[in-house]
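Below: coords-v1.txt (compact mmCIF, C-alpha atoms (C1' of nucleotides))
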```txt
# COMPACT_ATOMS: atom_id res chain seq x y z
CA MET M 163 0.00 0.00 0.00
CA THR M 164 1.38 3.36 -1.03
CA TYR M 165 -0.25 6.50 0.30
CA THR M 166 1.70 9.20 -1.49
CA ARG M 167 4.44 10.08 -3.95
CA ASN M 168 7.48 12.30 -3.24
CA THR M 169 9.67 9.23 -2.94
CA LEU M 170 12.87 11.09 -2.07
CA ALA M 171 11.61 12.62 1.15
CA ILE M 172 9.78 9.43 2.02
CA ASP M 173 12.75 7.15 1.57
CA SER M 174 14.81 9.63 3.56
CA PHE M 175 12.58 9.36 6.60
CA ALA M 176 12.64 5.58 6.46
CA ALA M 177 16.40 5.62 5.92
CA LEU M 178 17.10 7.84 8.92
CA GLY M 179 14.63 5.92 11.03
CA ASP M 180 17.21 3.23 11.61
CA PRO M 181 19.66 4.19 14.40
CA THR M 182 22.66 2.56 12.75
CA ARG M 183 21.99 4.36 9.49
CA ARG M 184 21.54 7.65 11.31
CA ALA M 185 24.90 7.11 13.00
CA ILE M 186 26.52 6.40 9.64
CA PHE M 187 24.89 9.43 8.09
CA GLU M 188 26.04 11.72 10.89
CA ARG M 189 29.62 10.49 10.56
CA VAL M 190 29.60 10.96 6.80
CA ALA M 191 28.08 14.41 7.26
CA MET M 192 30.92 15.37 9.58
CA LYS M 193 33.60 14.06 7.27
CA PRO M 194 33.58 12.11 3.99
CA ALA M 195 34.69 8.55 4.69
CA SER M 196 35.25 5.11 3.22
CA VAL M 197 33.27 2.01 4.09
CA GLY M 198 36.08 0.40 6.05
CA TYR M 199 36.76 3.53 8.05
CA LEU M 200 33.11 3.82 9.04
CA ALA M 201 32.88 0.15 9.95
CA LYS M 202 35.84 0.45 12.32
CA GLY M 203 33.96 2.99 14.43
CA LEU M 204 30.68 1.09 14.55
CA PRO M 205 29.52 -2.09 16.29
CA VAL M 206 28.46 -3.77 13.03
CA SER M 207 30.33 -5.57 10.28
CA ARG M 208 31.68 -3.95 7.12
CA PRO M 209 29.05 -5.55 4.84
CA ALA M 210 26.35 -4.18 7.12
CA VAL M 211 27.76 -0.69 6.70
CA SER M 212 27.94 -1.23 2.96
CA GLN M 213 24.30 -2.23 2.85
CA HIS M 214 23.26 0.77 4.92
CA LEU M 215 25.19 3.10 2.65
CA ARG M 216 23.32 1.73 -0.33
CA VAL M 217 20.01 2.57 1.34
CA LEU M 218 21.27 6.07 2.19
CA LYS M 219 22.43 6.52 -1.38
CA GLU M 220 19.08 5.46 -2.82
CA ALA M 221 17.38 7.91 -0.46
CA GLY M 222 19.52 10.73 -1.86
CA LEU M 223 21.28 11.26 1.46
CA VAL M 224 24.85 10.37 0.44
CA THR M 225 26.86 10.10 -2.75
CA GLU M 226 29.55 7.63 -3.69
CA SER M 227 32.75 8.49 -5.53
CA PRO M 228 35.52 5.99 -6.31
CA GLU M 229 38.95 7.10 -5.18
CA GLY M 230 41.49 4.51 -6.13
CA ALA M 231 40.53 1.22 -4.61
CA ARG M 232 38.33 2.96 -2.08
CA ARG M 233 34.93 4.55 -2.40
CA ILE M 234 34.44 7.75 -0.54
CA TYR M 235 30.95 8.55 0.69
CA ARG M 236 29.85 12.15 1.04
CA ILE M 237 26.70 13.87 2.19
CA ASP M 238 24.19 14.63 -0.57
CA PRO M 239 22.15 17.82 -0.12
CA ARG M 240 19.19 16.49 -2.13
CA GLY M 241 17.83 14.18 0.55
CA ILE M 242 18.06 16.78 3.28
CA ALA M 243 16.50 19.36 0.98
CA ALA M 244 13.55 17.08 0.27
CA MET M 245 12.98 16.44 3.95
CA ARG M 246 13.19 20.11 4.78
CA ALA M 247 10.64 20.87 2.10
CA TRP M 248 8.28 18.25 3.46
CA LEU M 249 8.65 19.49 7.01
CA ASP M 250 8.25 23.13 6.03
CA SER M 251 5.02 22.32 4.20
CA HIS M 252 3.61 21.20 7.55
CA TRP M 253 5.44 23.56 9.85
CA ALA M 254 3.54 26.82 9.48
CA PHE M 255 0.25 24.99 9.45
CA ALA M 256 1.19 23.03 12.56
CA LEU M 257 1.90 26.22 14.45
CA ASP M 258 -1.35 27.84 13.34
CA ALA M 259 -3.50 24.86 14.19
CA PHE M 260 -1.88 24.40 17.54
CA LYS M 261 -2.11 28.06 18.43
CA GLU M 262 -5.77 28.19 17.54
CA PHE M 263 -6.40 25.14 19.69
CA ALA M 264 -4.46 26.63 22.59
CA ASP M 265 -6.49 29.81 22.36
CA LYS M 266 -9.74 27.87 22.49
CA GLN M 267 -8.52 26.03 25.54
CA ASP M 268 -7.91 29.35 27.25
CA GLU M 269 -11.42 30.52 26.41
CA GLU M 270 -12.88 27.36 27.94
CA LYS M 271 -11.00 27.91 31.14
CA SER M 272 -11.93 31.56 31.49
CA LYS M 273 -15.64 30.86 31.06
CA MET L 67 22.72 -0.23 20.77
CA THR L 68 22.06 3.46 21.06
CA TYR L 69 24.31 5.92 19.27
CA THR L 70 22.99 9.25 20.44
CA ARG L 71 20.51 11.14 22.57
CA ASN L 72 18.04 13.78 21.32
CA THR L 73 15.28 11.22 21.53
CA LEU L 74 12.52 13.45 20.24
CA ALA L 75 13.98 14.05 16.81
CA ILE L 76 15.17 10.46 16.63
CA ASP L 77 11.83 8.90 17.44
CA SER L 78 10.23 11.28 14.97
CA PHE L 79 12.30 9.97 12.08
CA ALA L 80 11.51 6.39 12.99
CA ALA L 81 7.84 7.25 13.44
CA LEU L 82 7.50 8.93 10.05
CA GLY L 83 9.51 6.19 8.38
CA ASP L 84 6.45 3.98 8.31
CA PRO L 85 4.12 4.83 5.38
CA THR L 86 0.93 4.16 7.32
CA ARG L 87 2.04 6.42 10.16
CA ARG L 88 3.02 9.14 7.73
CA ALA L 89 -0.45 8.91 6.17
CA ILE L 90 -2.06 9.19 9.60
CA PHE L 91 0.16 12.12 10.52
CA GLU L 92 -0.64 13.96 7.30
CA ARG L 93 -4.38 13.52 7.86
CA VAL L 94 -4.14 14.72 11.45
CA ALA L 95 -2.05 17.65 10.31
CA MET L 96 -4.73 18.65 7.83
CA LYS L 97 -7.52 18.35 10.37
CA PRO L 98 -7.75 17.12 13.98
CA ALA L 99 -9.50 13.77 14.01
CA SER L 100 -10.62 10.85 16.16
CA VAL L 101 -9.27 7.33 15.91
CA GLY L 102 -12.40 5.91 14.35
CA TYR L 103 -12.58 8.66 11.76
CA LEU L 104 -8.99 8.06 10.72
CA ALA L 105 -9.48 4.29 10.57
CA LYS L 106 -12.42 4.67 8.19
CA GLY L 107 -10.17 6.36 5.62
CA LEU L 108 -7.32 3.88 5.89
CA PRO L 109 -6.83 0.25 4.83
CA VAL L 110 -5.97 -0.91 8.36
CA SER L 111 -8.02 -1.75 11.42
CA ARG L 112 -8.90 0.70 14.17
CA PRO L 113 -6.54 -0.85 16.72
CA ALA L 114 -3.72 -0.52 14.21
CA VAL L 115 -4.45 3.19 13.90
CA SER L 116 -4.59 3.46 17.68
CA GLN L 117 -1.18 1.85 18.00
CA HIS L 118 0.30 4.12 15.34
CA LEU L 119 -1.10 7.16 17.11
CA ARG L 120 0.61 6.10 20.30
CA VAL L 121 3.95 5.96 18.50
CA LEU L 122 3.32 9.37 16.96
CA LYS L 123 2.37 10.74 20.36
CA GLU L 124 5.52 9.38 22.02
CA ALA L 125 7.54 10.96 19.21
CA GLY L 126 6.00 14.34 20.00
CA LEU L 127 4.26 14.53 16.64
CA VAL L 128 0.64 14.53 17.81
CA THR L 129 -1.26 15.28 20.99
CA GLU L 130 -4.33 13.59 22.41
CA SER L 131 -7.22 15.38 24.05
CA PRO L 132 -10.37 13.64 25.32
CA GLU L 133 -13.56 15.13 24.00
CA GLY L 134 -16.50 13.31 25.48
CA ALA L 135 -16.20 9.63 24.68
CA ARG L 136 -13.82 10.38 21.83
CA ARG L 137 -10.19 11.35 21.80
CA ILE L 138 -9.21 13.97 19.31
CA TYR L 139 -5.69 13.87 17.93
CA ARG L 140 -3.97 17.06 16.85
CA ILE L 141 -0.63 17.90 15.36
CA ASP L 142 2.09 18.70 17.91
CA PRO L 143 4.69 21.29 16.82
CA ARG L 144 7.40 19.88 19.08
CA GLY L 145 8.22 16.84 16.97
CA ILE L 146 8.41 18.82 13.75
CA ALA L 147 10.48 21.47 15.49
CA ALA L 148 12.96 18.88 16.71
CA MET L 149 13.32 17.40 13.26
CA ARG L 150 13.78 20.79 11.67
CA ALA L 151 16.48 21.59 14.20
CA TRP L 152 18.26 18.33 13.48
CA LEU L 153 18.08 18.87 9.75
CA ASP L 154 19.20 22.47 9.98
CA SER L 155 22.23 21.44 12.02
CA HIS L 156 23.35 19.42 8.99
CA TRP L 157 21.95 21.55 6.24
CA ALA L 158 24.43 24.40 5.97
CA PHE L 159 27.31 22.02 6.46
CA ALA L 160 25.98 19.70 3.79
CA LEU L 161 25.85 22.50 1.28
CA ASP L 162 29.36 23.70 2.11
CA ALA L 163 30.92 20.26 1.98
CA PHE L 164 29.17 19.42 -1.24
CA LYS L 165 30.07 22.70 -2.89
CA GLU L 166 33.71 22.35 -1.94
CA PHE L 167 33.75 18.86 -3.37
CA ALA L 168 32.09 20.03 -6.59
CA ASP L 169 34.67 22.77 -6.97
CA LYS L 170 37.51 20.31 -6.60
CA GLN L 171 35.93 18.11 -9.21
CA ASP L 172 35.92 21.04 -11.61
CA GLU L 173 39.61 21.71 -10.95
CA GLU L 174 40.44 18.11 -11.73
CA LYS L 175 38.63 18.26 -15.01
CA SER L 176 40.20 21.53 -16.15
CA LYS L 177 43.75 20.28 -15.51
C1' DT A 61 -28.51 1.41 35.84
C1' DA A 62 -28.26 -0.55 31.54
C1' DC A 63 -26.67 0.05 26.88
C1' DG A 64 -24.20 1.70 22.78
C1' DA A 65 -20.41 4.35 20.97
C1' DG A 66 -15.53 5.07 21.08
C1' DT A 67 -11.05 3.54 22.24
C1' DG A 68 -6.82 1.42 24.50
C1' DT A 69 -4.48 -3.02 25.46
C1' DA A 70 -3.16 -8.08 25.17
C1' DA A 71 -1.74 -11.89 22.62
C1' DG A 72 -0.53 -14.07 18.62
C1' DT A 73 0.80 -14.20 13.46
C1' DC A 74 3.53 -12.96 9.71
C1' DA A 75 6.38 -10.12 6.75
C1' DT A 76 10.24 -7.31 6.64
C1' DA A 77 14.77 -5.86 7.25
C1' DA A 78 19.08 -5.75 9.92
C1' DC A 79 22.73 -8.58 10.61
C1' DT A 80 26.13 -12.37 9.94
C1' DT A 81 29.67 -15.28 7.14
C1' DA A 82 31.36 -16.61 2.73
C1' DC A 83 32.57 -15.41 -1.73
C1' DC A 84 33.95 -12.68 -5.82
C1' DG A 85 35.50 -8.66 -8.26
C1' DT A 86 38.67 -4.58 -8.84
C1' DA A 87 42.60 -1.41 -8.05
C1' DA A 88 47.36 -0.43 -6.63
C1' DG A 89 52.04 -1.98 -5.33
C1' DT A 90 56.09 -5.27 -5.52
C1' DA C 288 51.76 -11.82 -12.57
C1' DC C 289 51.13 -12.25 -7.60
C1' DT C 290 49.53 -10.28 -3.54
C1' DT C 291 47.16 -7.28 -0.58
C1' DA C 292 43.66 -3.88 0.50
C1' DC C 293 39.01 -2.51 -0.22
C1' DG C 294 34.31 -3.23 -0.94
C1' DG C 295 29.88 -5.03 -3.14
C1' DT C 296 26.74 -9.16 -3.31
C1' DA C 297 24.53 -13.74 -2.06
C1' DA C 298 22.43 -16.60 1.18
C1' DG C 299 20.78 -17.64 5.51
C1' DT C 300 19.36 -16.40 10.43
C1' DT C 301 17.03 -13.74 13.62
C1' DA C 302 14.87 -9.82 15.71
C1' DT C 303 11.65 -6.43 15.07
C1' DG C 304 7.37 -4.36 14.26
C1' DA C 305 3.00 -3.92 11.70
C1' DC C 306 -1.16 -6.13 11.70
C1' DT C 307 -5.14 -8.94 13.24
C1' DT C 308 -8.94 -10.54 16.62
C1' DA C 309 -10.63 -10.64 21.27
C1' DC C 310 -11.37 -8.29 25.42
C1' DA C 311 -11.94 -4.56 28.90
C1' DC C 312 -12.65 0.11 30.12
C1' DT C 313 -14.91 4.86 30.03
C1' DC C 314 -18.32 8.25 28.78
C1' DG C 315 -22.81 9.88 27.59
C1' DT C 316 -27.77 8.83 27.16
C1' DA C 317 -32.37 6.61 27.75
```
Taking this structure as input, can you express it in the form of structure tokens?
Amino acid sequence: MTYTRNTLAIDSFAALGDPTRRAIFERVAMKPASVGYLAKGLPVSRPAVSQHLRVLKEAGLVTESPEGARRIYRIDPRGIAAMRAWLDSHWAFALDAFKEFADKQDEEKSK
Amino acid sequence: MTYTRNTLAIDSFAALGDPTRRAIFERVAMKPASVGYLAKGLPVSRPAVSQHLRVLKEAGLVTESPEGARRIYRIDPRGIAAMRAWLDSHWAFALDAFKEFADKQDEEKSK
DNA sequence: TACGAGTGTAAGTCATAACTTACCGTAAGT
DNA sequence: ACTTACGGTAAGTTATGACTTACACTCGTA
């Protein structure tokens, strides 16, 4: 069952929902890194990191660029941009709706 | 294994990673609604919706307020705010890092 | 107080996905 | 060419979580 389109933002949420992937993403965001380097600092095997990086790549959150025998992973602005856009589309509305509700609550109390 | 704190933003990503929960959240964001009302518009049972709402509530994405026999769910700005903050903390850096990398790529090519 | 509407929770099932080990390909150095 | 470093993929295991049905609770109304 699919409820909506906008696959980039969607996949990004699912991708960052996993704690291991979020840890990998944060490390890559701090500094571009290879698979082996990332695996050394994490409690999972190298193939696991490799698999997570593929998911992050497909979600538009990181990019891969061969550098000799290694492959350096870097942060990709597209995924973050898509998520920001999705959040912003709800943000203003969320504030309005909540404020209106809060105001009504106050009216109830002061009756 | 837990990698980091900031549980609100973290739980929010995991919560919105599920397509059914994202659908529920989007509907609640558009208009406050009861559990039964939401269930009628979705391909899952009412208890399933109830369980999803609990996850969304614990992630700070919705609030619950009894209204007679019903419980009305509304959007909660805190979850979205936490996610925006998390994203923004990576956003500027992502752009910088990516731009720098792109520039280097250009230098390589023009050698 | 009895009843119907609305909802949360418990328990169990099943699909998904996160992880492991084993294997194979590719690039650089001797 | 051989070897070593690096990393993706396959296959299998296991834990997680999304879903169902059954049950219990609360609130308003007759």
Residues within 12 Å of L:Ser131, please, as an mmCIF file with C-alpha atoms, in the frame of the given file. Count all atoms listed in the file; anything in the same chain fewer than 2 positions from it doesn't count.
```
data_model
loop_
_atom_site.group_PDB
_atom_site.id
_atom_site.type_symbol
_atom_site.label_atom_id
_atom_site.label_comp_id
_atom_site.auth_asym_id
_atom_site.auth_seq_id
_atom_site.Cartn_x
_atom_site.Cartn_y
_atom_site.Cartn_z
ATOM 1 C CA PHE M 263 -6.400 25.140 19.690
ATOM 2 C CA ALA M 264 -4.460 26.630 22.590
ATOM 3 C CA GLN M 267 -8.520 26.030 25.540
ATOM 4 C CA PRO L 98 -7.750 17.120 13.980
ATOM 5 C CA ALA L 99 -9.500 13.770 14.010
ATOM 6 C CA SER L 100 -10.620 10.850 16.160
ATOM 7 C CA VAL L 101 -9.270 7.330 15.910
ATOM 8 C CA LYS L 123 2.370 10.740 20.360
ATOM 9 C CA VAL L 128 0.640 14.530 17.810
ATOM 10 C CA THR L 129 -1.260 15.280 20.990
ATOM 11 C CA GLU L 133 -13.560 15.130 24.000
ATOM 12 C CA GLY L 134 -16.500 13.310 25.480
ATOM 13 C CA ALA L 135 -16.200 9.630 24.680
ATOM 14 C CA ARG L 136 -13.820 10.380 21.830
ATOM 15 C CA ARG L 137 -10.190 11.350 21.800
ATOM 16 C CA ILE L 138 -9.210 13.970 19.310
ATOM 17 C CA TYR L 139 -5.690 13.870 17.930
ATOM 18 C CA ARG L 140 -3.970 17.060 16.850
ATOM 19 C CA ILE L 141 -0.630 17.900 15.360
ATOM 20 C CA ASP L 142 2.090 18.700 17.910
#
```
Based on all atoms listed in the file, which of the residues in chain L come within 7 Å of chain M? I want them as a PyMOL selection string. chain L and resi 69+79-80+82-85+89+95+141-143+146+150+153+157+160-161+164
Can you write out the residues you just picked, keeping C-alpha atoms, as a PDB file, in the frame of the given file?
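Writing done, so here's out25.pdb:
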```
ATOM      1  CA  TYR L  69      24.310   5.920  19.270  1.00  0.00           C
ATOM      2  CA  PHE L  79      12.300   9.970  12.080  1.00  0.00           C
ATOM      3  CA  ALA L  80      11.510   6.390  12.990  1.00  0.00           C
ATOM      4  CA  LEU L  82       7.500   8.930  10.050  1.00  0.00           C
ATOM      5  CA  GLY L  83       9.510   6.190   8.380  1.00  0.00           C
ATOM      6  CA  ASP L  84       6.450   3.980   8.310  1.00  0.00           C
ATOM      7  CA  PRO L  85       4.120   4.830   5.380  1.00  0.00           C
ATOM      8  CA  ALA L  89      -0.450   8.910   6.170  1.00  0.00           C
ATOM      9  CA  ALA L  95      -2.050  17.650  10.310  1.00  0.00           C
ATOM     10  CA  ILE L 141      -0.630  17.900  15.360  1.00  0.00           C
ATOM     11  CA  ASP L 142       2.090  18.700  17.910  1.00  0.00           C
ATOM     12  CA  PRO L 143       4.690  21.290  16.820  1.00  0.00           C
ATOM     13  CA  ILE L 146       8.410  18.820  13.750  1.00  0.00           C
ATOM     14  CA  ARG L 150      13.780  20.790  11.670  1.00  0.00           C
ATOM     15  CA  LEU L 153      18.080  18.870   9.750  1.00  0.00           C
ATOM     16  CA  TRP L 157      21.950  21.550   6.240  1.00  0.00           C
ATOM     17  CA  ALA L 160      25.980  19.700   3.790  1.00  0.00           C
ATOM     18  CA  LEU L 161      25.850  22.500   1.280  1.00  0.00           C
ATOM     19  CA  PHE L 164      29.170  19.420  -1.240  1.00  0.00           C
TER      20      PHE L 164
END
```
Set the distance at 12 Å and use only C-alpha atoms (C1' of nucleotides): which residues neighbour A:DA70 once local chain neighbours fewer than 6 positions away are removed? I'd like the list as a list in words. Pro113 of chain L; DT308, DA309, DC310 and DA311 of chain C
re atom CA of M:Ser251 and atom CA of M:Leu215: distance 27.9 Å
Just the number, please: distance in Å from atom C1' of A:DA65 to atom CA of L:Leu104, one decimal. 15.8 Å
With a cut-off of 12 Å and counting all atoms listed in the file, select all residues of chain C in contact with chain L and give the selection as a VMD selection string. chain C and resid 304 to 309 312 to 316
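All residues of protein, DNA or RNA that reach within 9 Å of stretch 81-90 of chain A, judged by only C-alpha atoms (C1' of nucleotides) and not counting those fewer than 4 positions away in the chain, are Gly230, Ala231 and Arg232 of chain M; DC289, DT290, DT291, DA292, DC293, DG295, DT296 and DA297 of chain C.
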Counting all atoms listed in the file, which residues of chain A come no farther than 10 Å from chain L, as a ChimeraX atom specification? /A:65-69
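In this model, the gap between atom CA of L:Gly145 and atom CA of M:Glu220 comes to 25.3 Å.
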Just the residues within 12 Å of C:DA302, please, counting all atoms listed in the file, with nothing from its chain fewer than 3 positions along; format it as a PyMOL selection string. chain A and resi 76-79
Could you give me the axis-aligned bounding box of stretch 151-164 of chain L, with 4 Å of padding per side, as centre plus edge lengths in Å to one decimal, as lines of an AutoDock Vina configuration file?
```
center_x = 23.7
center_y = 21.4
center_z = 6.5
size_x = 22.4
size_y = 14.1
size_z = 23.4
```
